[in-house]
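Containing PDB, C-alpha atoms: entry_18.pdb.
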ATOM      1  CA  MET T   1     126.487 113.314  78.912
ATOM      2  CA  VAL T   2     124.309 111.647  81.532
ATOM      3  CA  ASP T   3     120.583 112.391  81.608
ATOM      4  CA  ASN T   4     120.132 112.822  85.360
ATOM      5  CA  THR T   5     116.384 112.268  85.199
ATOM      6  CA  HIS T   6     116.977 108.642  84.270
ATOM      7  CA  GLN T   7     120.370 107.581  85.494
ATOM      8  CA  THR T   8     123.536 108.758  87.103
ATOM      9  CA  LYS T   9     127.001 107.326  87.582
ATOM     10  CA  SER T  10     126.768 107.925  91.329
ATOM     11  CA  ASN T  11     124.574 106.129  93.832
ATOM     12  CA  GLU T  12     124.866 109.135  96.165
ATOM     13  CA  TRP T  13     121.351 110.571  96.044
ATOM     14  CA  PHE T  14     120.798 112.804  99.073
ATOM     15  CA  THR T  15     117.367 113.268 100.612
ATOM     16  CA  PRO T  16     115.909 116.790 100.460
ATOM     17  CA  LYS T  17     115.467 118.590 103.774
ATOM     18  CA  GLU T  18     111.658 118.704 103.586
ATOM     19  CA  TYR T  19     111.512 114.888 103.878
ATOM     20  CA  ILE T  20     114.100 114.779 106.648
ATOM     21  CA  ASP T  21     111.968 117.336 108.504
ATOM     22  CA  LEU T  22     108.934 115.018 108.199
ATOM     23  CA  SER T  23     110.981 112.098 109.486
ATOM     24  CA  ARG T  24     112.192 114.181 112.420
ATOM     25  CA  LYS T  25     108.631 115.365 113.125
ATOM     26  CA  LEU T  26     107.590 111.716 113.310
ATOM     27  CA  MET T  27     110.499 110.290 115.304
ATOM     28  CA  VAL T  28     111.555 113.534 117.103
ATOM     29  CA  GLU T  29     115.249 112.677 116.644
ATOM     30  CA  ILE T  30     117.323 110.601 114.259
ATOM     31  CA  ASP T  31     119.826 108.527 116.183
ATOM     32  CA  LEU T  32     121.418 106.805 113.191
ATOM     33  CA  ASP T  33     121.773 107.161 109.449
ATOM     34  CA  PRO T  34     123.577 103.925 108.549
ATOM     35  CA  ALA T  35     124.220 104.716 104.860
ATOM     36  CA  SER T  36     125.423 108.289 104.850
ATOM     37  CA  ASN T  37     128.365 110.647 104.702
ATOM     38  CA  ASN T  38     129.306 113.989 106.243
ATOM     39  CA  LEU T  39     127.598 116.029 103.489
ATOM     40  CA  ALA T  40     124.280 114.169 103.754
ATOM     41  CA  ASN T  41     124.428 114.369 107.535
ATOM     42  CA  GLU T  42     124.453 118.170 107.361
ATOM     43  CA  ILE T  43     120.754 117.791 106.448
ATOM     44  CA  VAL T  44     119.880 114.555 108.284
ATOM     45  CA  GLN T  45     121.656 115.610 111.495
ATOM     46  CA  ALA T  46     121.730 112.094 112.877
ATOM     47  CA  THR T  47     123.464 111.691 116.206
ATOM     48  CA  GLN T  48     125.562 109.004 114.526
ATOM     49  CA  TYR T  49     126.080 108.043 110.909
ATOM     50  CA  PHE T  50     128.065 105.418 109.060
ATOM     51  CA  ASP T  51     129.782 106.304 105.821
ATOM     52  CA  LYS T  52     130.991 103.916 103.132
ATOM     53  CA  LYS T  53     134.311 103.340 104.918
ATOM     54  CA  MET T  54     132.536 102.505 108.213
ATOM     55  CA  ASP T  55     130.299  99.964 106.403
ATOM     56  CA  GLY T  56     126.932 100.245 108.091
ATOM     57  CA  LEU T  57     125.915  96.795 106.897
ATOM     58  CA  ASN T  58     128.454  95.224 109.235
ATOM     59  CA  ARG T  59     127.609  97.259 112.309
ATOM     60  CA  GLU T  60     124.834  97.069 114.873
ATOM     61  CA  TRP T  61     122.095  99.658 114.491
ATOM     62  CA  ASN T  62     120.299 101.255 117.427
ATOM     63  CA  GLY T  63     117.510 103.697 118.152
ATOM     64  CA  ARG T  64     115.641 105.780 115.613
ATOM     65  CA  VAL T  65     116.968 105.258 112.099
ATOM     66  CA  PHE T  66     116.652 107.138 108.843
ATOM     67  CA  LEU T  67     117.723 105.069 105.836
ATOM     68  CA  ASN T  68     118.048 106.142 102.221
ATOM     69  CA  PRO T  69     120.057 103.149 100.986
ATOM     70  CA  PRO T  70     122.533 103.194  98.128
ATOM     71  CA  TYR T  71     121.434 101.315  95.036
ATOM     72  CA  GLY T  72     123.417  99.164  92.673
ATOM     73  CA  ARG T  73     124.418  95.560  93.198
ATOM     74  CA  LEU T  74     126.039  94.017  96.278
ATOM     75  CA  GLY T  75     127.314  90.478  95.852
ATOM     76  CA  GLY T  76     124.975  89.912  92.925
ATOM     77  CA  ARG T  77     121.943  91.112  94.913
ATOM     78  CA  SER T  78     119.994  94.342  94.910
ATOM     79  CA  GLY T  79     121.793  96.860  97.100
ATOM     80  CA  ALA T  80     118.486  98.272  98.308
ATOM     81  CA  GLY T  81     117.348  94.764  99.196
ATOM     82  CA  VAL T  82     120.465  94.074 101.248
ATOM     83  CA  TRP T  83     119.942  97.297 103.233
ATOM     84  CA  ILE T  84     116.219  96.574 103.690
ATOM     85  CA  ASN T  85     117.000  93.097 105.039
ATOM     86  CA  LYS T  86     119.487  94.600 107.490
ATOM     87  CA  LEU T  87     116.896  97.129 108.698
ATOM     88  CA  ILE T  88     114.224  94.471 109.154
ATOM     89  CA  SER T  89     116.672  92.270 111.054
ATOM     90  CA  GLU T  90     117.726  95.097 113.396
ATOM     91  CA  PHE T  91     114.102  96.132 113.936
ATOM     92  CA  GLN T  92     112.956  92.592 114.708
ATOM     93  CA  ALA T  93     115.888  92.185 117.122
ATOM     94  CA  GLY T  94     114.677  95.280 119.006
ATOM     95  CA  ASN T  95     117.814  97.290 118.264
ATOM     96  CA  VAL T  96     115.975  99.743 116.015
ATOM     97  CA  THR T  97     113.010 101.244 117.856
ATOM     98  CA  GLU T  98     111.690 103.327 114.958
ATOM     99  CA  ALA T  99     112.767 103.858 111.376
ATOM    100  CA  ILE T 100     111.914 105.574 108.145
ATOM    101  CA  VAL T 101     113.299 104.123 104.945
ATOM    102  CA  LEU T 102     113.144 105.939 101.617
ATOM    103  CA  VAL T 103     113.328 103.687  98.562
ATOM    104  CA  ASN T 104     112.063 103.389  95.016
ATOM    105  CA  SER T 105     108.484 102.264  94.642
ATOM    106  CA  ALA T 106     109.623  99.053  92.985
ATOM    107  CA  THR T 107     106.605  97.089  94.192
ATOM    108  CA  GLY T 108     107.177  94.206  91.796
ATOM    109  CA  ASP T 109     110.799  93.637  92.785
ATOM    110  CA  GLN T 110     111.524  90.766  95.152
ATOM    111  CA  TRP T 111     113.470  92.960  97.573
ATOM    112  CA  PHE T 112     110.419  95.236  98.003
ATOM    113  CA  GLN T 113     107.991  92.490  99.038
ATOM    114  CA  PRO T 114     108.872  92.410 102.797
ATOM    115  CA  LEU T 115     108.061  96.124 103.013
ATOM    116  CA  PHE T 116     104.359  95.389 102.513
ATOM    117  CA  ASP T 117     104.361  94.206 106.151
ATOM    118  CA  PHE T 118     104.869  97.821 107.257
ATOM    119  CA  PRO T 119     103.029 101.147 106.747
ATOM    120  CA  ILE T 120     104.008 102.783 103.454
ATOM    121  CA  CYS T 121     103.557 106.290 102.084
ATOM    122  CA  PHE T 122     103.477 106.226  98.271
ATOM    123  CA  VAL T 123     104.874 109.665  97.417
ATOM    124  CA  ASN T 124     102.594 111.575  95.040
ATOM    125  CA  ARG T 125     105.492 112.992  92.987
ATOM    126  CA  ARG T 126     108.990 111.981  92.023
ATOM    127  CA  ILE T 127     111.389 113.351  94.603
ATOM    128  CA  LYS T 128     114.168 115.637  93.382
ATOM    129  CA  PHE T 129     117.235 114.366  95.189
ATOM    130  CA  TYR T 130     120.489 116.278  95.288
ATOM    131  CA  GLN T 131     124.093 115.244  94.784
ATOM    132  CA  SER T 132     127.326 116.534  96.265
ATOM    133  CA  SER T 133     127.757 118.693  93.135
ATOM    134  CA  GLY T 134     124.521 120.495  94.028
ATOM    135  CA  ASN T 135     122.722 119.080  90.980
ATOM    136  CA  LYS T 136     119.179 117.861  91.491
ATOM    137  CA  ILE T 137     118.224 114.508  90.005
ATOM    138  CA  GLN T 138     115.060 112.449  89.764
ATOM    139  CA  PRO T 139     114.682 108.682  89.631
ATOM    140  CA  THR T 140     112.698 107.027  86.855
ATOM    141  CA  LYS T 141     110.419 105.465  89.477
ATOM    142  CA  SER T 142     108.375 107.051  92.218
ATOM    143  CA  ASN T 143     109.419 106.707  95.834
ATOM    144  CA  VAL T 144     107.990 105.436  99.088
ATOM    145  CA  PHE T 145     108.608 106.088 102.750
ATOM    146  CA  VAL T 146     108.218 102.964 104.867
ATOM    147  CA  TYR T 147     107.703 103.235 108.601
ATOM    148  CA  PHE T 148     108.922 100.780 111.214
ATOM    149  CA  GLY T 149     107.626 101.460 114.696
ATOM    150  CA  PRO T 150     104.713 101.804 117.091
ATOM    151  CA  ASN T 151     103.439 105.267 116.041
ATOM    152  CA  VAL T 152     101.453 104.332 112.939
ATOM    153  CA  ARG T 153      98.760 106.968 113.556
ATOM    154  CA  LYS T 154     101.409 109.669 113.819
ATOM    155  CA  PHE T 155     103.076 108.364 110.629
ATOM    156  CA  LYS T 156      99.752 108.698 108.814
ATOM    157  CA  ARG T 157      99.215 112.209 110.158
ATOM    158  CA  VAL T 158     102.739 113.443 109.362
ATOM    159  CA  PHE T 159     103.059 111.907 105.883
ATOM    160  CA  LYS T 160      99.454 112.224 104.621
ATOM    161  CA  GLU T 161     100.218 115.325 102.520
ATOM    162  CA  THR T 162     103.204 113.568 100.929
ATOM    163  CA  GLY T 163     101.204 110.758  99.379
ATOM    164  CA  ARG T 164      98.810 107.896  99.809
ATOM    165  CA  ILE T 165      99.232 105.781 102.930
ATOM    166  CA  TYR T 166      99.066 101.991 102.766
ATOM    167  CA  LEU T 167      98.577 100.012 105.980
ATOM    168  CA  PRO T 168      99.223  96.265 106.143
ATOM    169  CA  LYS T 169      96.397  94.024 107.293
TER     170      LYS T 169
END
Would you put the structure from the file into structure tokens?
Amino acid sequence: MVDNTHQTKSNEWFTPKEYIDLSRKLMVEIDLDPASNNLANEIVQATQYFDKKMDGLNREWNGRVFLNPPYGRLGGRSGAGVWINKLISEFQAGNVTEAIVLVNSATGDQWFQPLFDFPICFVNRRIKFYQSSGNKIQPTKSNVFVYFGPNVRKFKRVFKETGRIYLPK
């Protein structure tokens, strides 16, 4: 039996609606969820989403993005790190105009380090994610929302009740 508070055999951890609502309040719309599926998109309601078969890592991203990346290893690297690098690349290229990424608060991990260049909300509780089975699960680490975009003051205002806000210097 798997203890879902510490691990799970699936990397499909869907974001609860309350956090999608905050992301939508910040960005108004979500144009793309690049690491999703049809069940998750019932909550996210992105105009476009890429599922595993569509392989969002090998597609161009545009507009306002919500990203809750899958974990695990990809080519010997952190899966979260690979997705974060893709987001940063698309943002720096101007393809992504705004984004919210939800990841573990793994501040000591190498893949997390580039995120310190962006505003971060350190969530003040462990998020209870849900799976396709309807079960709720919690990670062993806390989570963060990282914002990419020009509306930093609005990010602070919208996410301030969710946790402590860090702003890069």
Margin query: Please expand the PyMOL selection byres ((chain T and resi 89-91) around 12) into the concrete residues it hits in this file, giving the result as an MDAnalysis selection string.
Written below: chainID T and resid 34 56:65 82:88 92:100 114 118 147:150
Keeping C-alpha atoms for every residue in the selection just given, could you write it to a file as a PDB file, in the frame of the given file?
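Saved the output as part_29.pdb:
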ATOM      1  CA  PRO T  34     123.577 103.925 108.549  1.00  0.00           C
ATOM      2  CA  GLY T  56     126.932 100.245 108.091  1.00  0.00           C
ATOM      3  CA  LEU T  57     125.915  96.795 106.897  1.00  0.00           C
ATOM      4  CA  ASN T  58     128.454  95.224 109.235  1.00  0.00           C
ATOM      5  CA  ARG T  59     127.609  97.259 112.309  1.00  0.00           C
ATOM      6  CA  GLU T  60     124.834  97.069 114.873  1.00  0.00           C
ATOM      7  CA  TRP T  61     122.095  99.658 114.491  1.00  0.00           C
ATOM      8  CA  ASN T  62     120.299 101.255 117.427  1.00  0.00           C
ATOM      9  CA  GLY T  63     117.510 103.697 118.152  1.00  0.00           C
ATOM     10  CA  ARG T  64     115.641 105.780 115.613  1.00  0.00           C
ATOM     11  CA  VAL T  65     116.968 105.258 112.099  1.00  0.00           C
ATOM     12  CA  VAL T  82     120.465  94.074 101.248  1.00  0.00           C
ATOM     13  CA  TRP T  83     119.942  97.297 103.233  1.00  0.00           C
ATOM     14  CA  ILE T  84     116.219  96.574 103.690  1.00  0.00           C
ATOM     15  CA  ASN T  85     117.000  93.097 105.039  1.00  0.00           C
ATOM     16  CA  LYS T  86     119.487  94.600 107.490  1.00  0.00           C
ATOM     17  CA  LEU T  87     116.896  97.129 108.698  1.00  0.00           C
ATOM     18  CA  ILE T  88     114.224  94.471 109.154  1.00  0.00           C
ATOM     19  CA  GLN T  92     112.956  92.592 114.708  1.00  0.00           C
ATOM     20  CA  ALA T  93     115.888  92.185 117.122  1.00  0.00           C
ATOM     21  CA  GLY T  94     114.677  95.280 119.006  1.00  0.00           C
ATOM     22  CA  ASN T  95     117.814  97.290 118.264  1.00  0.00           C
ATOM     23  CA  VAL T  96     115.975  99.743 116.015  1.00  0.00           C
ATOM     24  CA  THR T  97     113.010 101.244 117.856  1.00  0.00           C
ATOM     25  CA  GLU T  98     111.690 103.327 114.958  1.00  0.00           C
ATOM     26  CA  ALA T  99     112.767 103.858 111.376  1.00  0.00           C
ATOM     27  CA  ILE T 100     111.914 105.574 108.145  1.00  0.00           C
ATOM     28  CA  PRO T 114     108.872  92.410 102.797  1.00  0.00           C
ATOM     29  CA  PHE T 118     104.869  97.821 107.257  1.00  0.00           C
ATOM     30  CA  TYR T 147     107.703 103.235 108.601  1.00  0.00           C
ATOM     31  CA  PHE T 148     108.922 100.780 111.214  1.00  0.00           C
ATOM     32  CA  GLY T 149     107.626 101.460 114.696  1.00  0.00           C
ATOM     33  CA  PRO T 150     104.713 101.804 117.091  1.00  0.00           C
TER      34      PRO T 150
END
Note to self: My list of candidates is T:Gly79, T:Gly72, T:Gly134, T:Pro139. Which is closest to Trp111 of chain T when distances are computed with only C-alpha atoms?
What the structure shows: T:Gly79
Next item on the list: Measure the distance from atom CA of Phe159 of chain T to atom CA of Asn68 of chain T in Å and round it to one decimal.
Entry: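 Those two atoms sit 16.5 Å apart.
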Please write out, as AutoDock Vina command-line options, where the centre of an axis-aligned box around all listed atoms of segment 136-154 of chain T lies and how long its edges are, in Å to one decimal, after adding 6 Å on each side.
--center_x 109.0 --center_y 109.3 --center_z 102.0 --size_x 32.4 --size_y 29.1 --size_z 42.2
Between segment 52-155 of chain T and segment 15-22 of chain T, at 12 Å or less, what are the per-residue closest atom pairs and their distances in Å? Count all atoms listed in the file, order by chain and rising residue number, and return it as CSV.
residue,atom,partner,partner_atom,distance
T:Val65,CA,T:Ile20,CA,11.3
T:Phe66,CA,T:Ile20,CA,8.3
T:Leu67,CA,T:Thr15,CA,9.7
T:Asn68,CA,T:Thr15,CA,7.3
T:Pro69,CA,T:Thr15,CA,10.5
T:Pro70,CA,T:Thr15,CA,11.6
T:Ala99,CA,T:Ile20,CA,12.0
T:Ile100,CA,T:Ile20,CA,9.6
T:Val101,CA,T:Ile20,CA,10.8
T:Leu102,CA,T:Thr15,CA,8.5
T:Val103,CA,T:Thr15,CA,10.6
T:Cys121,CA,T:Tyr19,CA,11.9
T:Val123,CA,T:Tyr19,CA,10.6
T:Arg126,CA,T:Pro16,CA,11.9
T:Ile127,CA,T:Pro16,CA,8.2
T:Lys128,CA,T:Pro16,CA,7.4
T:Phe129,CA,T:Thr15,CA,5.5
T:Tyr130,CA,T:Thr15,CA,6.9
T:Gln131,CA,T:Thr15,CA,9.1
T:Ser132,CA,T:Thr15,CA,11.3
T:Gly134,CA,T:Pro16,CA,11.4
T:Asn135,CA,T:Pro16,CA,11.9
T:Lys136,CA,T:Pro16,CA,9.6
T:Ile137,CA,T:Thr15,CA,10.7
T:Gln138,CA,T:Thr15,CA,11.1
T:Asn143,CA,T:Thr15,CA,11.4
T:Val144,CA,T:Tyr19,CA,11.2
T:Phe145,CA,T:Tyr19,CA,9.3
T:Tyr147,CA,T:Leu22,CA,11.9
T:Lys154,CA,T:Leu22,CA,10.8
T:Phe155,CA,T:Leu22,CA,9.2
Next item on the list: Counting all atoms listed in the file, figure out which residue out of T:Gln45, T:Gly108, T:Lys52, T:Phe116 gets nearest to Tyr166 of chain T.
Entry: T:Phe116
Margin query: Just to confirm, what's the straight-line distance from atom CA of Pro119 of chain T to atom CA of Ala106 of chain T in Å (one decimal)?
Written below: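 Distance reported for this atom pair: 15.4 Å.
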Note to self: Measuring between all atoms listed in the file, which one of T:Ser105, T:Ser36, T:Thr47, T:Asn41 shows the shortest distance to Val146 of chain T?
What the structure shows: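 With all atoms listed in the file as the atom set, the closest residue is T:Ser105.
Distances to Leu32 of chain T were evaluated for T:Leu74, T:Val44, T:Ala80, T:Met54 using only C-alpha atoms, and the minimum falls at T:Val44.
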Notebook entry, point to check: Separation of atom CA of Phe50 of chain T and atom CA of Ala35 of chain T, in Å?
Noted result: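 Separation of atom CA of Phe50 of chain T and atom CA of Ala35 of chain T: 5.7 Å.
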Checklist line | Distance criterion (only C-alpha atoms): nearest to Phe14 of chain T out of T:Ile165, T:Leu115, T:Val158, T:Leu39 | finding: T:Leu39
Check: T:Arg125, T:Lys141, T:Trp13, T:Gly163: which is nearest Ala40 of chain T, counting all atoms listed in the file?
Finding: T:Trp13
For segment 24-73 of chain T, write C-alpha atoms out as a compact mmCIF listing (two decimals), in the first residue's frame.
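See selection_3.txt below for the written result:
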# COMPACT_ATOMS: atom_id res chain seq x y z
CA ARG T 24 -6.86 33.27 -13.18
CA LYS T 25 -7.48 36.30 -10.94
CA LEU T 26 -3.88 37.34 -11.57
CA MET T 27 -3.61 36.63 -15.30
CA VAL T 28 -7.36 36.96 -16.17
CA GLU T 29 -7.14 33.99 -18.56
CA ILE T 30 -4.95 30.93 -18.96
CA ASP T 31 -3.98 30.50 -22.59
CA LEU T 32 -1.87 27.37 -22.15
CA ASP T 33 -1.30 24.54 -19.72
CA PRO T 34 1.65 22.74 -21.33
CA ALA T 35 1.75 19.72 -18.98
CA SER T 36 -1.86 18.69 -18.61
CA ASN T 37 -4.62 16.35 -19.68
CA ASN T 38 -8.36 16.58 -20.26
CA LEU T 39 -9.24 15.86 -16.60
CA ALA T 40 -6.91 18.54 -15.21
CA ASN T 41 -8.12 21.00 -17.82
CA GLU T 42 -11.67 20.71 -16.49
CA ILE T 43 -10.36 22.80 -13.56
CA VAL T 44 -7.61 24.82 -15.29
CA GLN T 45 -9.80 25.68 -18.30
CA ALA T 46 -6.85 26.71 -20.43
CA THR T 47 -7.68 27.74 -23.97
CA GLN T 48 -5.10 25.17 -25.07
CA TYR T 49 -3.35 22.36 -23.25
CA PHE T 50 -0.76 19.76 -24.14
CA ASP T 51 -1.08 16.26 -22.78
CA LYS T 52 1.65 13.63 -22.51
CA LYS T 53 1.08 12.46 -26.09
CA MET T 54 1.35 16.03 -27.44
CA ASP T 55 4.66 16.53 -25.56
CA GLY T 56 4.60 20.13 -24.41
CA LEU T 57 8.37 20.20 -24.05
CA ASN T 58 8.75 20.01 -27.82
CA ARG T 59 6.19 22.64 -28.70
CA GLU T 60 6.23 26.42 -28.69
CA TRP T 61 4.41 28.05 -25.79
CA ASN T 62 2.48 31.30 -26.10
CA GLY T 63 0.52 33.73 -23.97
CA ARG T 64 -0.43 33.28 -20.34
CA VAL T 65 0.73 29.93 -18.99
CA PHE T 66 -0.13 27.86 -15.95
CA LEU T 67 2.41 25.11 -15.27
CA ASN T 68 2.29 22.36 -12.67
CA PRO T 69 5.05 20.18 -14.12
CA PRO T 70 5.28 16.42 -13.78
CA TYR T 71 8.08 15.18 -11.56
CA GLY T 72 10.35 12.21 -11.95
CA ARG T 73 13.43 11.99 -14.13
